[in-house]
Structures are given as structure tokens and as C-alpha cells.
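Take a look at the structure below.
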Amino acid sequence: MTWTDVLDEKALAEGMLQVVYPLGVNVVLARVDGAVHAVAGACVHLGCPLFNGTLVGHTLTCPCHDWRFDLRTGRFLDAPELGLQVYGTRAEQGRLFVSLDSTGGTP
Amino acid sequence: MKKPIHIYGLSTCPWCRKTKALFTKSGAPFDYVDYDLADEPTQAKIMAELDAAGANGFPFVKVGADIVIGYQPERFAQLLA
Amino acid sequence: MSAPPASSRKEVLRAFYAKVVEPLGFTFTPDTELVEFLLEQEVVLEGKHGVPFCPCQPLRGDREKDMKIVCPCIPFHRAHFDEMKRCWCGLFVHPGVTDPDSLPQLPPPVTTP
């Protein structure tokens, strides 16, 4: 796995959405119950920026047309065939890293 | 006596245009309202009728007491006969 | 700066929709004239409301309900559309449908899921 340093770990507060661009790729980070999740930052519906969305529990809702996704799996809640790419995350020495390699958690 | 015919549609809906054309061709008098172009009280009235009939799409056609939801040319022909 | 031509937005919608509906078991109707007309209407609706709503379903002014008729609205009406082998406006049909005019618009089931 190739890891890209994206953010100061302290900059990602609980329940907050943060856009990062590892190697130029649009990724949304979120911390829920302490765990950091990373998913593709553009909605699969019409490409809207998900970092402007809302987060309730693990449910990320797109700001444009309210498509809802599970942050953990990327899955679109109203049709399991659709979803967001999920990326690996890890924390090391106060920094957050994202891996753009496939995690297998993608629908 | 002829049954009154009312048709509700949307200005953006091709099936509504086809419905209107079909009834026009039949020669039967009818009135036609585009929901999206109607004033608020008319929209509320149309929506109440759709809800009562369990419809969520246009065209919505009433021939006397009969209601047809969607573009159904065979049903229209039966009702116009 | 002048606004981009509506046709370019139409192509963006077409490209996104193709990717969304295919995993759901739908494809664009073979009635190409209908496809062009409906996509053009959606560009008009998006220009008016900011959202490419279905050209054949009513806006109610209730966000939760209205967001269920944003194209492609298949995920929110799946059983009904699968039964008809088409979506309500007919932009999308099941793959293999060659005569879309033979697919009637049927009223939604009495009990919505």
C-alpha cells in the first residue's frame, strides 16, 4: 500500500467532514466514534462535492440531491449496487495518511 | 350527455403532450392544465386529486368518474368510445 | 463570461446517468428522440430549480419528497419501475427492450414501499 500524508490528525474533529487531495484525488475524510474514514469526494449521482454534505452517525448526505452513503462501506443507502470508493486511512506520529489503493470495501 | 374530461399534465412531459394530442384528435371537448404552470391554489387542488388516486406522475386524465394515470392510449380509446 | 450552452450540460447529465443506471439494471431507451427531448427538459428544469427533476412527476415543495424525483429516480421507485420495465418518463428502460412504446405507464402500486 502506498500512503500519502494528507492532514494533521488533530485537524479532523469528531463528526466533521474534511476534503483532502492525496495525489490530486478528491477525498473526503470524516471521524466518527474516533475512527477515521475516507471516501471519494464526488457524489456518484452528479459529482457534487460531498465535503459540503452533512454527517449524521455514519451517514453522509450529499448537499445537492440528498443521496445518502454509509461512510464505512461507501454504499449508497437506497441502492446497494451504487457507492463511493472507500480508501484506507491510518494515523502515524500525529499525521493522517490515505491510501488510494483499492481496499476491497468498495461496492 | 358527454362526460366531462379533465387532463392534468406538466409542460415538460412528452406523454402529456401525446395525451393532449390524442384527445384533441378525438374531437371530444376537454380541459387541460399544466400543473407546473398553474397557480398555487390550482396546484394544491391537482395534487390533492393525485394523492387521492395514489398517483405521483402525469398525465392524469379524468373522464367522468374514471381516472387514468399515465399515457394509456387503449384506455383513453375505451373511455372515449 | 457567457453561460455555457445548455447542450453541454445535457451531455454531462447523459454521461453521469449512464454510469448510475447501468448497475441498477436500466439503460437509455432506444427511442433516441425521446432521450434528447427528456434530457433537454431536465436541463430546463435544472436551470429553473437548480435540480434536474423528472419532467413527468410533480414537484410538491417538500424537499424530502422532491429529492425522490431527481433524475435518475430509479433507486426510489424501483419496484414500480422494474414492473413497468421503464422509469416513469421512459428515459430509462430495462436492457433488451426494443419497443419502448409497448411498455405502458402503469399507476404506482397502492402500497408504496
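Naming scheme: A, B, ... for chains in displayed order of the C-alpha cells; residues 1 onward per chain; ligands 1 onward as shown.
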*Those of chain A in DSSP strand (DSSP E), formatted as a ChimeraX atom specification*: /A:3-8,17-20,27-32,35-40,54-56,59-61,68-70,86-92,95-99
Residues from last step as file, C-alpha atoms, as a tab-separated table (two decimals), in the first residue's frame:
chain	number	residue	atom	x	y	z
A	3	TRP	CA	0.31	6.02	1.86
A	4	THR	CA	0.01	9.74	1.26
A	5	ASP	CA	0.30	12.23	4.10
A	6	VAL	CA	-2.82	14.40	3.97
A	7	LEU	CA	-3.60	16.15	7.26
A	8	ASP	CA	-2.66	16.94	10.84
A	17	LEU	CA	-16.01	16.41	7.12
A	18	GLN	CA	-12.72	17.47	5.58
A	19	VAL	CA	-11.71	17.42	1.93
A	20	VAL	CA	-8.14	16.36	1.10
A	27	VAL	CA	-11.22	12.52	-0.98
A	28	VAL	CA	-13.47	13.26	1.99
A	29	LEU	CA	-12.27	12.41	5.47
A	30	ALA	CA	-14.53	12.04	8.48
A	31	ARG	CA	-14.05	10.94	12.05
A	32	VAL	CA	-16.89	9.01	13.64
A	35	ALA	CA	-12.31	6.21	13.75
A	36	VAL	CA	-11.18	7.96	10.57
A	37	HIS	CA	-12.95	7.12	7.29
A	38	ALA	CA	-12.06	8.17	3.76
A	39	VAL	CA	-14.35	8.04	0.72
A	40	ALA	CA	-14.39	9.55	-2.76
A	54	THR	CA	-23.99	16.54	6.25
A	55	LEU	CA	-22.83	13.74	8.50
A	56	VAL	CA	-25.13	12.01	10.98
A	59	THR	CA	-24.44	8.50	7.11
A	60	LEU	CA	-23.04	11.07	4.73
A	61	THR	CA	-25.72	13.01	2.81
A	68	ARG	CA	-27.06	9.11	1.36
A	69	PHE	CA	-23.98	6.93	1.79
A	70	ASP	CA	-22.54	4.79	4.56
A	86	VAL	CA	-13.55	3.73	0.04
A	87	TYR	CA	-9.91	4.48	0.84
A	88	GLY	CA	-7.64	3.20	3.57
A	89	THR	CA	-6.58	5.56	6.34
A	90	ARG	CA	-4.02	5.43	9.12
A	91	ALA	CA	-2.55	7.76	11.71
A	92	GLU	CA	1.14	8.00	12.43
A	95	ARG	CA	-0.43	12.83	10.84
A	96	LEU	CA	-3.22	11.22	8.85
A	97	PHE	CA	-2.41	9.16	5.76
A	98	VAL	CA	-4.67	7.98	2.95
A	99	SER	CA	-4.03	5.07	0.61
_Just want the 7 Å neighbourhood of Tyr71 of chain B, counted on only C-alpha atoms, with same-chain residues fewer than 3 positions away dropped. Output as a ChimeraX atom specification._
/B:15,19,59 /C:105
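Within 8 Å of chain C, chain B contributes the residues B:Gly9, B:Leu10, B:Thr12, B:Cys13, B:Pro14, B:Trp15, B:Tyr35, B:Asp36, B:Met47, B:Gly54, B:Ala55, B:Asn56, B:Gly57, B:Phe58, B:Pro59, B:Ile69, B:Gly70, B:Tyr71, B:Gln72, using only C-alpha atoms.
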With the cut-off set at 9 Å and counting only C-alpha atoms, tabulate each residue of chain A with an atom at most that distance from an atom of chain C, showing the nearest atom pair and its distance in Å to one decimal, ordered by chain and increasing number, as JSON lines.
{"residue": "A:Val44", "atom": "CA", "partner": "C:Val20", "partner_atom": "CA", "distance": 7.2}
{"residue": "A:His45", "atom": "CA", "partner": "C:Val20", "partner_atom": "CA", "distance": 6.5}
{"residue": "A:Leu46", "atom": "CA", "partner": "C:Phe16", "partner_atom": "CA", "distance": 6.0}
{"residue": "A:Gly47", "atom": "CA", "partner": "C:Phe16", "partner_atom": "CA", "distance": 8.1}
{"residue": "A:Cys64", "atom": "CA", "partner": "C:Val51", "partner_atom": "CA", "distance": 8.0}
{"residue": "A:His65", "atom": "CA", "partner": "C:Met67", "partner_atom": "CA", "distance": 5.8}
{"residue": "A:Asp66", "atom": "CA", "partner": "C:Met67", "partner_atom": "CA", "distance": 6.7}
{"residue": "A:Trp67", "atom": "CA", "partner": "C:Met67", "partner_atom": "CA", "distance": 8.5}
{"residue": "A:Asp78", "atom": "CA", "partner": "C:Pro75", "partner_atom": "CA", "distance": 5.7}
{"residue": "A:Ala79", "atom": "CA", "partner": "C:Pro75", "partner_atom": "CA", "distance": 5.7}
{"residue": "A:Glu81", "atom": "CA", "partner": "C:Pro23", "partner_atom": "CA", "distance": 5.9}
{"residue": "A:Leu82", "atom": "CA", "partner": "C:Pro23", "partner_atom": "CA", "distance": 7.0}
Export, as an mmCIF file, in the first residue's frame, the selected residues with C-alpha atoms.
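result23.cif, written as the output of this step:
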data_model
loop_
_atom_site.group_PDB
_atom_site.id
_atom_site.type_symbol
_atom_site.label_atom_id
_atom_site.label_comp_id
_atom_site.auth_asym_id
_atom_site.auth_seq_id
_atom_site.Cartn_x
_atom_site.Cartn_y
_atom_site.Cartn_z
ATOM 1 C CA VAL A 44 -21.746 9.191 -7.796
ATOM 2 C CA HIS A 45 -25.024 10.782 -8.825
ATOM 3 C CA LEU A 46 -23.895 14.064 -10.392
ATOM 4 C CA GLY A 47 -20.450 14.667 -8.970
ATOM 5 C CA CYS A 64 -27.092 18.641 -3.792
ATOM 6 C CA HIS A 65 -29.782 15.965 -4.006
ATOM 7 C CA ASP A 66 -29.618 14.226 -0.634
ATOM 8 C CA TRP A 67 -28.156 10.930 -1.815
ATOM 9 C CA ASP A 78 -31.103 3.469 -1.450
ATOM 10 C CA ALA A 79 -29.464 1.007 -3.877
ATOM 11 C CA GLU A 81 -25.282 -1.514 -6.359
ATOM 12 C CA LEU A 82 -24.050 2.059 -6.168
#
